[in-house]
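start-v6.cif follows (mmCIF, C-alpha atoms):
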data_structure
#
loop_
_atom_site.group_PDB
_atom_site.id
_atom_site.type_symbol
_atom_site.label_atom_id
_atom_site.label_comp_id
_atom_site.auth_asym_id
_atom_site.auth_seq_id
_atom_site.Cartn_x
_atom_site.Cartn_y
_atom_site.Cartn_z
ATOM 1 C CA MET A 1 14.475 37.060 34.598
ATOM 2 C CA TYR A 2 16.726 34.792 36.678
ATOM 3 C CA VAL A 3 15.142 34.468 40.116
ATOM 4 C CA PRO A 4 15.642 30.962 41.585
ATOM 5 C CA PHE A 5 12.388 30.577 43.551
ATOM 6 C CA HIS A 6 8.998 30.215 41.849
ATOM 7 C CA PHE A 7 6.992 32.207 44.381
ATOM 8 C CA ILE A 8 9.401 35.178 44.276
ATOM 9 C CA ARG A 9 9.526 35.131 40.472
ATOM 10 C CA PHE A 10 5.714 34.928 40.293
ATOM 11 C CA PHE A 11 5.371 37.881 42.687
ATOM 12 C CA PHE A 12 7.571 40.146 40.536
ATOM 13 C CA ILE A 13 5.967 39.057 37.271
ATOM 14 C CA LYS A 14 2.459 39.548 38.672
ATOM 15 C CA LEU A 15 3.348 43.168 39.464
ATOM 16 C CA LYS A 16 4.371 43.792 35.849
ATOM 17 C CA PHE A 17 1.829 41.867 33.734
ATOM 18 C CA LYS A 18 -1.714 43.004 32.951
ATOM 19 C CA SER A 19 -3.100 39.863 34.592
ATOM 20 C CA ILE A 20 -1.985 36.380 35.637
ATOM 21 C CA GLY A 21 -4.293 33.578 36.749
ATOM 22 C CA ASN A 22 -3.795 31.193 39.643
ATOM 23 C CA ASN A 23 -1.172 28.448 39.636
ATOM 24 C CA THR A 24 0.627 29.725 36.532
ATOM 25 C CA ASN A 25 4.366 29.082 36.538
ATOM 26 C CA PHE A 26 7.302 30.834 34.880
ATOM 27 C CA LEU A 27 10.682 29.140 34.622
ATOM 28 C CA MET A 28 13.937 31.120 34.672
ATOM 29 C CA GLY A 29 15.121 33.120 31.703
ATOM 30 C CA LEU A 30 11.767 34.705 30.836
ATOM 31 C CA GLU A 31 12.101 37.854 28.732
ATOM 32 C CA PHE A 32 9.134 40.163 28.338
ATOM 33 C CA ARG A 33 8.519 43.435 26.544
ATOM 34 C CA ASN A 34 5.742 45.842 27.567
ATOM 35 C CA PRO A 35 4.235 43.392 30.076
ATOM 36 C CA LYS A 36 1.212 45.642 30.751
ATOM 37 C CA ASN A 37 -0.218 44.234 27.482
ATOM 38 C CA ILE A 38 0.305 40.589 28.494
ATOM 39 C CA SER A 39 -2.411 38.452 30.141
ATOM 40 C CA ILE A 40 -2.030 34.797 31.115
ATOM 41 C CA GLY A 41 -4.743 32.524 32.500
ATOM 42 C CA SER A 42 -4.563 29.899 35.239
ATOM 43 C CA ASN A 43 -2.533 26.664 35.335
ATOM 44 C CA SER A 44 -0.275 27.677 32.445
ATOM 45 C CA VAL A 45 3.468 27.049 32.156
ATOM 46 C CA VAL A 46 5.993 29.372 30.518
ATOM 47 C CA ASN A 47 9.217 27.390 30.215
ATOM 48 C CA LYS A 48 12.793 28.697 30.327
ATOM 49 C CA ASN A 49 14.155 31.292 27.893
ATOM 50 C CA VAL A 50 10.777 32.311 26.457
ATOM 51 C CA LEU A 51 10.194 35.788 25.005
ATOM 52 C CA LEU A 52 6.734 37.360 25.412
ATOM 53 C CA ASP A 53 6.221 40.613 23.493
ATOM 54 C CA GLY A 54 3.409 43.044 24.286
ATOM 55 C CA ARG A 55 4.725 46.098 22.418
ATOM 56 C CA GLY A 56 2.530 45.888 19.298
ATOM 57 C CA GLY A 57 -0.775 44.794 20.820
ATOM 58 C CA GLN A 58 -2.349 42.575 23.428
ATOM 59 C CA LEU A 59 -0.824 39.151 24.099
ATOM 60 C CA ILE A 60 -3.584 37.001 25.590
ATOM 61 C CA ILE A 61 -2.703 33.491 26.776
ATOM 62 C CA GLY A 62 -5.455 31.224 28.111
ATOM 63 C CA ASN A 63 -5.678 28.566 30.818
ATOM 64 C CA ASN A 64 -3.622 25.352 30.830
ATOM 65 C CA VAL A 65 -1.320 26.589 28.077
ATOM 66 C CA ASP A 66 2.071 24.871 27.845
ATOM 67 C CA ILE A 67 4.780 27.049 26.268
ATOM 68 C CA ALA A 68 8.058 25.142 25.878
ATOM 69 C CA GLN A 69 11.566 26.564 26.080
ATOM 70 C CA GLU A 70 13.041 29.103 23.672
ATOM 71 C CA THR A 71 9.681 30.112 22.180
ATOM 72 C CA ASN A 72 9.248 33.677 20.890
ATOM 73 C CA ILE A 73 5.781 35.242 20.750
ATOM 74 C CA TRP A 74 5.759 38.598 18.932
ATOM 75 C CA THR A 75 3.084 41.305 18.730
ATOM 76 C CA LEU A 76 5.412 43.680 16.865
ATOM 77 C CA GLU A 77 7.424 43.228 13.673
ATOM 78 C CA HIS A 78 8.857 45.323 10.856
ATOM 79 C CA ASP A 79 7.038 45.762 7.544
ATOM 80 C CA VAL A 80 9.371 44.311 4.886
ATOM 81 C CA HIS A 81 7.581 46.370 2.198
ATOM 82 C CA ASP A 82 7.930 49.725 3.947
ATOM 83 C CA ASP A 83 10.629 52.056 2.606
ATOM 84 C CA TYR A 84 11.480 53.176 6.143
ATOM 85 C CA HIS A 85 11.449 49.783 7.912
ATOM 86 C CA LYS A 86 8.286 50.787 9.783
ATOM 87 C CA ALA A 87 7.124 48.658 12.696
ATOM 88 C CA LYS A 88 3.630 47.169 12.683
ATOM 89 C CA GLY A 89 1.823 45.344 15.438
ATOM 90 C CA ASP A 90 -1.236 43.251 16.169
ATOM 91 C CA ASP A 91 -2.709 41.156 18.964
ATOM 92 C CA VAL A 92 -1.820 37.505 19.544
ATOM 93 C CA ILE A 93 -4.421 35.243 21.160
ATOM 94 C CA ILE A 94 -3.601 31.767 22.458
ATOM 95 C CA GLU A 95 -6.690 29.945 23.697
ATOM 96 C CA ASP A 96 -6.996 27.337 26.478
ATOM 97 C CA TYR A 97 -5.120 23.997 26.402
ATOM 98 C CA VAL A 98 -2.727 25.021 23.624
ATOM 99 C CA TRP A 99 0.608 23.193 23.597
ATOM 100 C CA ILE A 100 3.475 25.133 22.024
ATOM 101 C CA ALA A 101 6.576 22.959 21.627
ATOM 102 C CA SER A 102 10.163 24.226 21.846
ATOM 103 C CA ARG A 103 11.714 26.933 19.676
ATOM 104 C CA VAL A 104 8.440 28.060 18.089
ATOM 105 C CA THR A 105 8.031 31.587 16.708
ATOM 106 C CA ILE A 106 4.543 33.127 16.704
ATOM 107 C CA LEU A 107 4.099 36.313 14.677
ATOM 108 C CA PRO A 108 1.679 39.247 15.220
ATOM 109 C CA GLY A 109 -2.004 38.872 14.367
ATOM 110 C CA VAL A 110 -2.186 35.125 15.055
ATOM 111 C CA LYS A 111 -4.956 33.341 16.960
ATOM 112 C CA ILE A 112 -4.250 29.782 18.104
ATOM 113 C CA GLY A 113 -7.481 27.909 18.828
ATOM 114 C CA ARG A 114 -8.364 25.833 21.875
ATOM 115 C CA GLY A 115 -6.406 22.603 22.250
ATOM 116 C CA ALA A 116 -4.119 23.170 19.257
ATOM 117 C CA VAL A 117 -0.545 21.857 19.200
ATOM 118 C CA VAL A 118 2.364 23.646 17.496
ATOM 119 C CA ALA A 119 5.333 21.383 16.664
ATOM 120 C CA SER A 120 8.929 22.289 17.556
ATOM 121 C CA ASN A 121 10.800 24.830 15.420
ATOM 122 C CA SER A 122 7.629 26.016 13.658
ATOM 123 C CA VAL A 123 6.888 29.581 12.562
ATOM 124 C CA VAL A 124 3.205 30.456 13.001
ATOM 125 C CA THR A 125 2.164 33.165 10.535
ATOM 126 C CA LYS A 126 -1.599 32.482 10.307
ATOM 127 C CA ASP A 127 -4.434 31.453 12.612
ATOM 128 C CA VAL A 128 -4.468 27.856 13.870
ATOM 129 C CA GLU A 129 -7.772 25.962 14.162
ATOM 130 C CA SER A 130 -8.886 24.488 17.474
ATOM 131 C CA MET A 131 -7.692 20.920 18.155
ATOM 132 C CA SER A 132 -5.351 20.929 15.155
ATOM 133 C CA ILE A 133 -1.669 20.009 15.067
ATOM 134 C CA VAL A 134 0.533 22.295 12.978
ATOM 135 C CA GLY A 135 4.219 22.298 12.128
ATOM 136 C CA GLY A 136 6.805 23.647 9.733
ATOM 137 C CA VAL A 137 7.966 26.955 8.290
ATOM 138 C CA PRO A 138 5.442 28.393 7.806
ATOM 139 C CA ALA A 139 3.288 26.218 10.082
ATOM 140 C CA LYS A 140 0.696 24.101 8.268
ATOM 141 C CA LYS A 141 -1.852 21.603 9.529
ATOM 142 C CA ILE A 142 -0.386 18.113 9.883
ATOM 143 C CA GLY A 143 -3.072 16.445 11.994
ATOM 144 C CA ASP A 144 -5.823 16.685 14.582
ATOM 145 C CA ARG A 145 -5.537 16.362 18.344
ATOM 146 C CA LYS A 146 -7.678 13.616 19.829
ATOM 147 C CA SER A 147 -8.016 14.440 23.506
ATOM 148 C CA GLU A 148 -10.756 15.542 25.877
ATOM 149 C CA LEU A 149 -8.332 18.000 27.523
ATOM 150 C CA LYS A 150 -9.110 17.230 31.159
ATOM 151 C CA TYR A 151 -5.692 18.076 32.585
ATOM 152 C CA HIS A 152 -4.485 21.003 34.693
ATOM 153 C CA LEU A 153 -0.830 21.933 34.330
ATOM 154 C CA ASN A 154 1.281 22.293 37.471
ATOM 155 C CA TYR A 155 4.925 22.072 36.397
ATOM 156 C CA LYS A 156 7.307 23.534 39.004
ATOM 157 C CA PRO A 157 10.741 21.913 38.851
ATOM 158 C CA LEU A 158 13.223 23.028 41.502
ATOM 159 C CA PHE A 159 15.657 25.799 40.523
ATOM 160 C CA LYS A 160 14.418 26.121 36.930
#

Show this structure as structure tokens.
Amino acid sequence: MYVPFHFIRFFFIKLKFKSIGNNTNFLMGLEFRNPKNISIGSNSVVNKNVLLDGRGGQLIIGNNVDIAQETNIWTLEHDVHDDYHKAKGDDVIIEDYVWIASRVTILPGVKIGRGAVVASNSVVTKDVESMSIVGGVPAKKIGDRKSELKYHLNYKPLFK
């Protein structure tokens, strides 16, 4: 979606999505599939060229979640073991204060716990513990986040 003004973009997205909290911002280039299954909390940021998929289940994104550019979050995938390339889906839950760095892929059935950080270019195939830092392909724990998480996101750059 390439609409240059935040408030206009937010208005159109709010009509499509299941729910969107206050002060959440979407940058240009957002792609979404079956938005009636997508919920996003307050004070979250969805950066440019992000794909949000609601076709295979609910996509639930909490408050103060930072999703960096070119991230893909899938609720539907194909079963590699099925003779007929059958699609299978599951919910994805991203709790409050999660930070998803650029070019991350999150697959169906994943829950990312409160305050977790996912490093750039990671592929998340399994649940991520709260306050953990994960990275790699597939994503594995590489550390713990040490923060009291007192911030509220409000990122609205002009014409992005």

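Nearest residue to Asn43 (chain A), choosing from A:Ile13, A:Val98, A:Met131, A:Ile106 and counting all atoms listed in the file: A:Val98.
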
What are the centre and edge lengths in Å, to one decimal, of the axis-aligned box around all listed atoms of region 91-107 of chain A with 8 Å added on each side, as AutoDock Vina command-line options?
--center_x 2.4 --center_y 32.1 --center_z 20.6 --size_x 34.7 --size_y 34.2 --size_z 27.8

Problem set entry | Distance of CA of Arg103 (chain A) from CA of Ser122 (chain A), expressed in Å to one decimal place |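 Computing it gives 7.3 Å between the two atoms.
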
If we count only C-alpha atoms, what is near Asn49 (chain A) at a cut-off of 9 Å, once residues fewer than 6 positions away on the same chain are taken out, given as a compact mmCIF listing (two decimals) with C-alpha atoms, in the frame of the given file?
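Dumped everything to selection30.txt:
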# COMPACT_ATOMS: atom_id res chain seq x y z
CA MET A 1 14.48 37.06 34.60
CA LEU A 27 10.68 29.14 34.62
CA MET A 28 13.94 31.12 34.67
CA GLY A 29 15.12 33.12 31.70
CA LEU A 30 11.77 34.70 30.84
CA GLU A 31 12.10 37.85 28.73
CA ALA A 68 8.06 25.14 25.88
CA GLN A 69 11.57 26.56 26.08
CA GLU A 70 13.04 29.10 23.67
CA THR A 71 9.68 30.11 22.18
CA ASN A 72 9.25 33.68 20.89

For this session: Measure the distance from CA of Tyr97 (chain A) to CA of Ile40 (chain A) in Å and round it to one decimal.
Result: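 Computing it gives 12.2 Å between the two atoms.
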
Exercise. Which residue out of A:Asp83, A:Phe26, A:Lys150, A:Lys88 has the minimum interatomic distance to Phe10 (chain A) when only C-alpha atoms are used?
Worked result: A:Phe26

For this session: Tell me which protein, DNA and RNA residues are within 8 Å of Leu76 (chain A), counting all atoms listed in the file, leaving out same-chain ones fewer than 5 positions away, and put them as number ranges by chain.
Result: A: 53-57, 87-90, 107-108

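Proximity of A:Val92, A:Leu153, A:Val80, A:Ile67 to Val118 (chain A), computed with all atoms listed in the file, is greatest for A:Ile67.
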
For this session: Please write as a ChimeraX atom specification the list of polymer residues whose atoms come within 12 Å of (6.0, 34.3, 43.4), counting all atoms listed in the file and keeping to the coordinates of the file.
Result: /A:3-15,20,22-27,156

For this session: Grab the CA of Ser44 (chain A) to CA of Asn63 (chain A) distance for me, in Å with one decimal place.
Result: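 Computing the Euclidean distance for CA of Ser44 (chain A) and CA of Asn63 (chain A) yields 5.7 Å.
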